[in-house]
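Structure first, commentary second.
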Amino acid sequence: MYPVMLKGRAVILREFRSDDAAPSLSLVGDERVTQWLSFDNRDLEAATAMIEGAVARAKLEPRNEYYLAVTLPGDDLIGFARLGLDGVKAAKLGYAIRADQWGSGYATDAVRTLTEFGFRDLGLHRISAAIGPDNAASVAVAERLGMQYEGRIRDHVFTNGAWRDSLLYSVLADEWNTIRSA
């Protein structure tokens, strides 16, 4: 399925383009953002490689990830959201929003929109998210959307020079349908 464009309540999720490399630095080059991610800060060269990789993977058949730019209606890149297909009818969810846009509900909107897409259009059974234990805002997003805490994964990610645990959250298709209809 390519290209994908999903409209949330406040944000739009669209395929990355080559010209997104420089704007993506406001996320992947900002320690306030990357402290919560599974990779260290990136410079323009690394950001360009990341975006070019996402653009190329989006066109693979079969597609194994949906790594989408999160934009405001004027096409201002404020984040990303990703479903990495993992196993049978399962996906791992990842997301980040630019630090100057935190607290506006954009992460919740992007994650809700992408989760709905995963269950409705991709026919997924399970979506999980591994979140750094100190990332209270991301935990709140997961819980707000009805994801259930499953446990702690010890030394799950090596980032910023150290091993970090992750808290595992997930939601199943039947749970999502109940949450959505409530």
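FYI, nothing fancy with the structure tokens labels: chains A, B, ... in order, residues from 1 per chain, ligands from 1 as they appear.
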
- Message: List as a PyMOL selection string the protein and nucleic acid residues near stretch 141-147 of chain A, meaning an atom at most 7 Å away when only C-alpha atoms are counted, but skip any in the same chain fewer than 4 places from it.
- Response: chain A and resi 108+112+137+169-171+179

- Item | Residues of stretch 83-165 of chain A in strand (DSSP E), written as a ChimeraX atom specification | /A:83-85,90-97,126-131,148-159,162-165

- Task: Choose the residue, out of A:Ser166, A:Arg152, A:Thr159, A:Glu65, that has the smallest atom-to-atom separation from A:Asn41; count only C-alpha atoms.
- Result: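 Looking only at the distances to A:Asn41, the closest residue turns out to be A:Thr159.
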
- Find the residues around A:Val70 up to 8 Å (only C-alpha atoms counted), leave out those fewer than 5 positions away in its own chain, and share them as a list in words.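 After dropping sequence-adjacent residues, the list is Val11, Ile12, Leu13, Arg14, Leu77, Ile78, Gly79, Phe80, Ala81, Ile97 and Ala110 of chain A.
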
Keeping only all heavy atoms, take the residues you just selected and write them out as an mmCIF file, in the first residue's frame.
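And here is the file that came out, result.cif:
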```cif
data_model
loop_
_atom_site.group_PDB
_atom_site.id
_atom_site.type_symbol
_atom_site.label_atom_id
_atom_site.label_comp_id
_atom_site.auth_asym_id
_atom_site.auth_seq_id
_atom_site.Cartn_x
_atom_site.Cartn_y
_atom_site.Cartn_z
ATOM 1 N N VAL A 11 -3.605 16.338 12.991
ATOM 2 C CA VAL A 11 -2.386 16.096 12.221
ATOM 3 C C VAL A 11 -2.685 15.275 10.975
ATOM 4 O O VAL A 11 -3.736 14.642 10.865
ATOM 5 C CB VAL A 11 -1.301 15.373 13.063
ATOM 6 C CG1 VAL A 11 -0.919 16.190 14.287
ATOM 7 C CG2 VAL A 11 -1.735 13.966 13.442
ATOM 8 N N ILE A 12 -1.719 15.305 10.077
ATOM 9 C CA ILE A 12 -1.759 14.480 8.877
ATOM 10 C C ILE A 12 -0.513 13.605 8.891
ATOM 11 O O ILE A 12 0.595 14.087 9.161
ATOM 12 C CB ILE A 12 -1.794 15.354 7.608
ATOM 13 C CG1 ILE A 12 -3.085 16.183 7.584
ATOM 14 C CG2 ILE A 12 -1.653 14.498 6.349
ATOM 15 C CD1 ILE A 12 -3.094 17.290 6.564
ATOM 16 N N LEU A 13 -0.692 12.327 8.626
ATOM 17 C CA LEU A 13 0.429 11.401 8.498
ATOM 18 C C LEU A 13 0.581 11.109 7.011
ATOM 19 O O LEU A 13 -0.390 10.723 6.345
ATOM 20 C CB LEU A 13 0.169 10.106 9.264
ATOM 21 C CG LEU A 13 0.346 10.181 10.772
ATOM 22 C CD1 LEU A 13 -0.802 10.937 11.428
ATOM 23 C CD2 LEU A 13 0.444 8.791 11.359
ATOM 24 N N ARG A 14 1.780 11.330 6.506
ATOM 25 C CA ARG A 14 2.041 11.125 5.078
ATOM 26 C C ARG A 14 3.384 10.443 4.910
ATOM 27 O O ARG A 14 4.197 10.394 5.827
ATOM 28 C CB ARG A 14 2.020 12.460 4.335
ATOM 29 C CG ARG A 14 3.105 13.422 4.791
ATOM 30 C CD ARG A 14 3.394 14.477 3.746
ATOM 31 N NE ARG A 14 4.275 15.521 4.203
ATOM 32 C CZ ARG A 14 5.609 15.427 4.280
ATOM 33 N NH1 ARG A 14 6.232 14.310 3.955
ATOM 34 N NH2 ARG A 14 6.339 16.451 4.696
ATOM 35 N N LEU A 77 6.473 19.738 9.211
ATOM 36 C CA LEU A 77 6.878 18.455 9.787
ATOM 37 C C LEU A 77 7.106 18.622 11.291
ATOM 38 O O LEU A 77 7.990 19.371 11.709
ATOM 39 C CB LEU A 77 8.165 17.957 9.118
ATOM 40 C CG LEU A 77 8.716 16.635 9.639
ATOM 41 C CD1 LEU A 77 7.832 15.479 9.208
ATOM 42 C CD2 LEU A 77 10.132 16.413 9.140
ATOM 43 N N ILE A 78 6.288 17.940 12.090
ATOM 44 C CA ILE A 78 6.414 18.053 13.542
ATOM 45 C C ILE A 78 6.743 16.724 14.207
ATOM 46 O O ILE A 78 6.913 16.676 15.428
ATOM 47 C CB ILE A 78 5.147 18.652 14.191
ATOM 48 C CG1 ILE A 78 3.938 17.744 13.961
ATOM 49 C CG2 ILE A 78 4.916 20.065 13.698
ATOM 50 C CD1 ILE A 78 2.785 18.021 14.904
ATOM 51 N N GLY A 79 6.832 15.647 13.427
ATOM 52 C CA GLY A 79 7.130 14.376 14.062
ATOM 53 C C GLY A 79 7.112 13.223 13.088
ATOM 54 O O GLY A 79 7.081 13.403 11.875
ATOM 55 N N PHE A 80 7.136 12.023 13.685
ATOM 56 C CA PHE A 80 6.990 10.808 12.900
ATOM 57 C C PHE A 80 6.228 9.786 13.715
ATOM 58 O O PHE A 80 6.153 9.855 14.940
ATOM 59 C CB PHE A 80 8.346 10.254 12.432
ATOM 60 C CG PHE A 80 9.240 9.771 13.540
ATOM 61 C CD1 PHE A 80 9.045 8.530 14.140
ATOM 62 C CD2 PHE A 80 10.303 10.538 13.974
ATOM 63 C CE1 PHE A 80 9.881 8.081 15.149
ATOM 64 C CE2 PHE A 80 11.135 10.102 14.991
ATOM 65 C CZ PHE A 80 10.931 8.869 15.585
ATOM 66 N N ALA A 81 5.642 8.852 13.003
ATOM 67 C CA ALA A 81 4.978 7.715 13.633
ATOM 68 C C ALA A 81 5.276 6.507 12.763
ATOM 69 O O ALA A 81 5.324 6.603 11.537
ATOM 70 C CB ALA A 81 3.480 7.950 13.742
ATOM 71 N N ILE A 97 7.444 13.530 18.589
ATOM 72 C CA ILE A 97 6.950 14.853 18.211
ATOM 73 C C ILE A 97 8.022 15.873 18.566
ATOM 74 O O ILE A 97 8.715 15.734 19.580
ATOM 75 C CB ILE A 97 5.621 15.184 18.935
ATOM 76 C CG1 ILE A 97 4.527 14.198 18.532
ATOM 77 C CG2 ILE A 97 5.183 16.623 18.686
ATOM 78 C CD1 ILE A 97 4.086 14.259 17.086
ATOM 79 N N ALA A 110 -1.667 11.377 16.421
ATOM 80 C CA ALA A 110 -0.905 10.595 15.443
ATOM 81 C C ALA A 110 -0.971 9.102 15.768
ATOM 82 O O ALA A 110 -1.197 8.266 14.880
ATOM 83 C CB ALA A 110 0.549 11.070 15.401
#
```

- Item | Of the listed residues A:Gly29, A:Pro3, A:Gly118, A:Gly8, that which approaches A:Ala47 most closely, counting only C-alpha atoms |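 Closest to A:Ala47, using only C-alpha atoms: A:Gly29.
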
- Name all residues at most 10 Å from stretch 51-58 of chain A (count only C-alpha atoms; drop same-chain ones fewer than 2 positions away) and give them as a list in words. Met1, Tyr2, Pro3, Val4, Glu15, Phe16, Arg17, Ser18, Asp19, Asp20, Ala21, Ala22, Ser24, Ala46, Ala47, Thr48, Ala49, Leu60, Glu61, Pro62, Arg63, Asn64, Glu65, Tyr66, Tyr67, Leu68 and Ala69 of chain A

- Message: Rounded to one decimal, what separation in Å do you get between atom CA of A:His156 and atom CA of A:Thr34?
- Response: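 It comes out at 15.7 Å.
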
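Remark: for A:Gly94, the closest of the candidate residues A:Trp36, A:Trp176, A:Tyr106, A:Trp163 is A:Trp36 (distances computed over only C-alpha atoms).
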
- Query: Near A:Val28, counting only C-alpha atoms, which residues have an atom at most 6 Å away, once you skip same-chain residues fewer than 2 positions from it, shown as a ChimeraX atom specification?
  - Reply: /A:25,30,41-42
